[in-house]
Amino acid sequence: MVSLLFRCYPRLPSSFTLARFVLNQNLVRSQRCCLVRAGNLPARRTYSSERDQHHPKPKVVVVGIPNPFIWFRTRIYYFLIRTYFDKEFSIEEFTEGAKQAFSHVSRLLSRCQFEALEGLVAKDLIGKLEQKCGSLPCSYQRALCAEPEDVMYTMPGDVGIFYDDDGRKFVSILMRFWYLTSVGLPDDIMEGTRMFTVSIGDREMEAKRLLTAIYEFQREFTKGVAPDWTITRIEHSSLLD
């Protein structure tokens with residue numbers, strides 16, 4: 001039985017190992033974010049060779065507004081991790097690795113390639129995901145996929161440090177991701193926000209929806225155990241709860 005020693009705020013479920021993703025030792029931070037639609041800003045006209053080198057692209061600007069109390073509290077947990085578990089721990093490296101892992105796992109989920117999740121996602125979670133994803137409409141399955149270029153913002157959330165009755169040590173980190181999808185989804189049950197890009201040249205305008213996902217990463221820091229992060233919780237807003 002695992003007993004709680006440290007925790008930031010309410011625990012959230014899921015599993016995934018990051019040994020394959022530049023994620024050797026890492027963590028999380030918590031804040032709020034605001035979205036600014038920049039797609040309607042006028043694009044500068046370009047000519048001849050300048051058009052190829054400086055092709056204007058619509059952008060979505062994401063502004064993070066950290067909660068001072070939570071920001072300070074999570075820094076304490078990062079300090080504890082570096083002091084008692086991993087001297088080389090870096091939240092920046094962890095966040096980058098978590099983003100790569102999220103993109104890869106979400107792609108596998110959208111394709112229903114559950115066998116490929118082994119070693120990345122907790123075994124007990126894979127069975128639940130297979131059952132849930134199998135009952136989703138095809139459009140919902142496609143919307144689970146988040147390509148790296150579609151991930152708009154990544155925000156650390158819950159941080160936990162645990163010891164079980166056998167003295168094993170664990171660290172869990174919750175990550176929240178905002179990503180865009182062009183998959184058509186019903187407005188009445190989706191909580192996402194539509195983002196519009198501007199037509200440039202002969203290209204047509206494309207509407208995209210902003211979705212959120214929550215992935216929790218857990219690692220055992222007991223001596224002699226492989227330094228792998230495993231995904232123990234996966235949620236996609238209104239798609240996979």
# chains A, B, ... in the order shown; residues from 1 in each chain; ligands from 1
call {"tool": "select_by_dssp", "arguments": {"residues": "stretch 87-170 of chain A", "states": "alpha helix (DSSP H)", "output": "NGL selection string"}}
result
:A and (91-110 or 123-134 or 138-143)
call {"tool": "closest_residue", "arguments": {"among": "A:Arg176, A:Asp150, A:Gly119, A:Phe69", "to": "A:Ala226", "atoms": "only C-alpha atoms"}}
result
A:Gly119
call {"tool": "closest_residue", "arguments": {"among": "A:Phe217, A:Tyr77, A:Tyr140, A:Phe114", "to": "A:Gly184", "atoms": "only C-alpha atoms"}}
result
A:Tyr140
call {"tool": "closest_residue", "arguments": {"among": "A:Ile126, A:Met155, A:Ile161, A:Ala143", "to": "A:Thr181", "atoms": "only C-alpha atoms"}}
result
A:Ala143
call {"tool": "closest_residue", "arguments": {"among": "A:Arg82, A:Lys87, A:Arg209, A:Arg142", "to": "A:Leu240", "atoms": "only C-alpha atoms"}}
result
A:Arg142
call {"tool": "closest_residue", "arguments": {"among": "A:His104, A:Lys123, A:Lys132, A:Lys99", "to": "A:Ile214", "atoms": "only C-alpha atoms"}}
result
A:Lys99
call {"tool": "atom_distance", "arguments": {"atom1": "atom CA of A:Glu149", "atom2": "atom CA of A:Glu235"}}
result
20.0 Å
call {"tool": "closest_residue", "arguments": {"among": "A:Tyr163, A:Leu185, A:Asp158, A:Phe177", "to": "A:Arg73", "atoms": "only C-alpha atoms"}}
result
A:Asp158
call {"tool": "select_by_dssp", "arguments": {"residues": "stretch 80-220 of chain A", "states": "strand (DSSP E or B)", "output": "number ranges by chain"}}
result
A: 118, 121, 151-164, 169-181, 193-196, 207-220
call {"tool": "write_last_selection", "arguments": {"atoms": "C-alpha atoms", "output": "PDB file, in the first residue's frame"}}
result
ATOM      1  CA  GLU A 118       3.683  -1.545 -23.671  1.00  0.00           C
ATOM      2  CA  VAL A 121       1.949   3.134 -20.454  1.00  0.00           C
ATOM      3  CA  VAL A 151       0.783  21.260 -29.358  1.00  0.00           C
ATOM      4  CA  MET A 152       0.208  24.906 -28.434  1.00  0.00           C
ATOM      5  CA  TYR A 153       1.022  24.876 -24.739  1.00  0.00           C
ATOM      6  CA  THR A 154       2.288  22.524 -22.039  1.00  0.00           C
ATOM      7  CA  MET A 155       1.628  23.173 -18.357  1.00  0.00           C
ATOM      8  CA  PRO A 156       2.865  21.201 -15.329  1.00  0.00           C
ATOM      9  CA  GLY A 157       0.291  20.518 -12.657  1.00  0.00           C
ATOM     10  CA  ASP A 158       0.217  18.046  -9.789  1.00  0.00           C
ATOM     11  CA  VAL A 159       3.480  16.855  -8.201  1.00  0.00           C
ATOM     12  CA  GLY A 160       3.622  13.970  -5.735  1.00  0.00           C
ATOM     13  CA  ILE A 161       6.333  12.120  -3.771  1.00  0.00           C
ATOM     14  CA  PHE A 162       5.406   8.721  -2.315  1.00  0.00           C
ATOM     15  CA  TYR A 163       6.832   5.880  -0.226  1.00  0.00           C
ATOM     16  CA  ASP A 164       5.144   2.492   0.022  1.00  0.00           C
ATOM     17  CA  LYS A 169      10.149   5.667  -3.541  1.00  0.00           C
ATOM     18  CA  PHE A 170       7.965   7.183  -6.271  1.00  0.00           C
ATOM     19  CA  VAL A 171       7.528  10.567  -7.934  1.00  0.00           C
ATOM     20  CA  SER A 172       4.476  11.463 -10.015  1.00  0.00           C
ATOM     21  CA  ILE A 173       4.048  14.516 -12.226  1.00  0.00           C
ATOM     22  CA  LEU A 174       0.863  15.642 -13.933  1.00  0.00           C
ATOM     23  CA  MET A 175       1.090  17.427 -17.286  1.00  0.00           C
ATOM     24  CA  ARG A 176      -1.650  19.269 -19.143  1.00  0.00           C
ATOM     25  CA  PHE A 177      -1.435  19.820 -22.902  1.00  0.00           C
ATOM     26  CA  TRP A 178      -3.344  22.134 -25.252  1.00  0.00           C
ATOM     27  CA  TYR A 179      -3.368  21.058 -28.890  1.00  0.00           C
ATOM     28  CA  LEU A 180      -5.165  21.893 -32.134  1.00  0.00           C
ATOM     29  CA  THR A 181      -7.103  19.474 -34.300  1.00  0.00           C
ATOM     30  CA  THR A 193     -12.481  26.395 -28.717  1.00  0.00           C
ATOM     31  CA  ARG A 194     -12.414  26.913 -32.469  1.00  0.00           C
ATOM     32  CA  MET A 195      -9.294  28.574 -33.800  1.00  0.00           C
ATOM     33  CA  PHE A 196      -9.310  30.007 -37.332  1.00  0.00           C
ATOM     34  CA  ALA A 207     -11.054  25.809 -38.755  1.00  0.00           C
ATOM     35  CA  LYS A 208      -9.309  24.053 -35.881  1.00  0.00           C
ATOM     36  CA  ARG A 209     -10.502  23.216 -32.408  1.00  0.00           C
ATOM     37  CA  LEU A 210      -8.398  23.595 -29.288  1.00  0.00           C
ATOM     38  CA  LEU A 211      -8.495  20.489 -27.078  1.00  0.00           C
ATOM     39  CA  THR A 212      -6.864  19.643 -23.766  1.00  0.00           C
ATOM     40  CA  ALA A 213      -5.311  16.430 -22.494  1.00  0.00           C
ATOM     41  CA  ILE A 214      -3.976  15.347 -19.107  1.00  0.00           C
ATOM     42  CA  TYR A 215      -1.171  12.809 -18.785  1.00  0.00           C
ATOM     43  CA  GLU A 216       0.351  11.737 -15.474  1.00  0.00           C
ATOM     44  CA  PHE A 217       3.926  10.420 -15.418  1.00  0.00           C
ATOM     45  CA  GLN A 218       5.295   8.276 -12.629  1.00  0.00           C
ATOM     46  CA  ARG A 219       8.771   6.975 -11.874  1.00  0.00           C
ATOM     47  CA  GLU A 220      10.147   4.714  -9.169  1.00  0.00           C
TER      48      GLU A 220
END
call {"tool": "atom_distance", "arguments": {"atom1": "atom CA of A:Cys145", "atom2": "atom CA of A:Arg107"}}
result
4.5 Å
call {"tool": "residues_around", "arguments": {"residues": "A:Leu136", "least_positions_apart": "6", "cutoff": "12 Å", "atoms": "only C-alpha atoms", "output": "PDB file with C-alpha atoms, in the first residue's frame"}}
result
ATOM      1  CA  LEU A 109      -4.060   5.748 -29.352  1.00  0.00           C
ATOM      2  CA  SER A 110      -5.651   7.348 -32.412  1.00  0.00           C
ATOM      3  CA  ARG A 111      -4.508   4.337 -34.472  1.00  0.00           C
ATOM      4  CA  CYS A 112      -5.572   1.841 -31.798  1.00  0.00           C
ATOM      5  CA  LEU A 129      -7.683   2.462 -22.910  1.00  0.00           C
ATOM      6  CA  GLU A 130      -8.269  -0.359 -25.381  1.00  0.00           C
ATOM      7  CA  ARG A 142      -8.558  10.719 -35.003  1.00  0.00           C
ATOM      8  CA  ALA A 143      -8.943  13.735 -32.688  1.00  0.00           C
ATOM      9  CA  LEU A 144      -6.840  11.976 -30.031  1.00  0.00           C
ATOM     10  CA  SER A 238     -14.698  15.085 -23.867  1.00  0.00           C
ATOM     11  CA  LEU A 239     -13.031  12.306 -25.869  1.00  0.00           C
ATOM     12  CA  LEU A 240     -11.322   9.987 -23.418  1.00  0.00           C
ATOM     13  CA  ASP A 241     -12.193  10.466 -19.745  1.00  0.00           C
TER      14      ASP A 241
END
call {"tool": "atom_distance", "arguments": {"atom1": "atom CA of A:Ala146", "atom2": "atom CA of A:Gln100"}}
result
9.9 Å
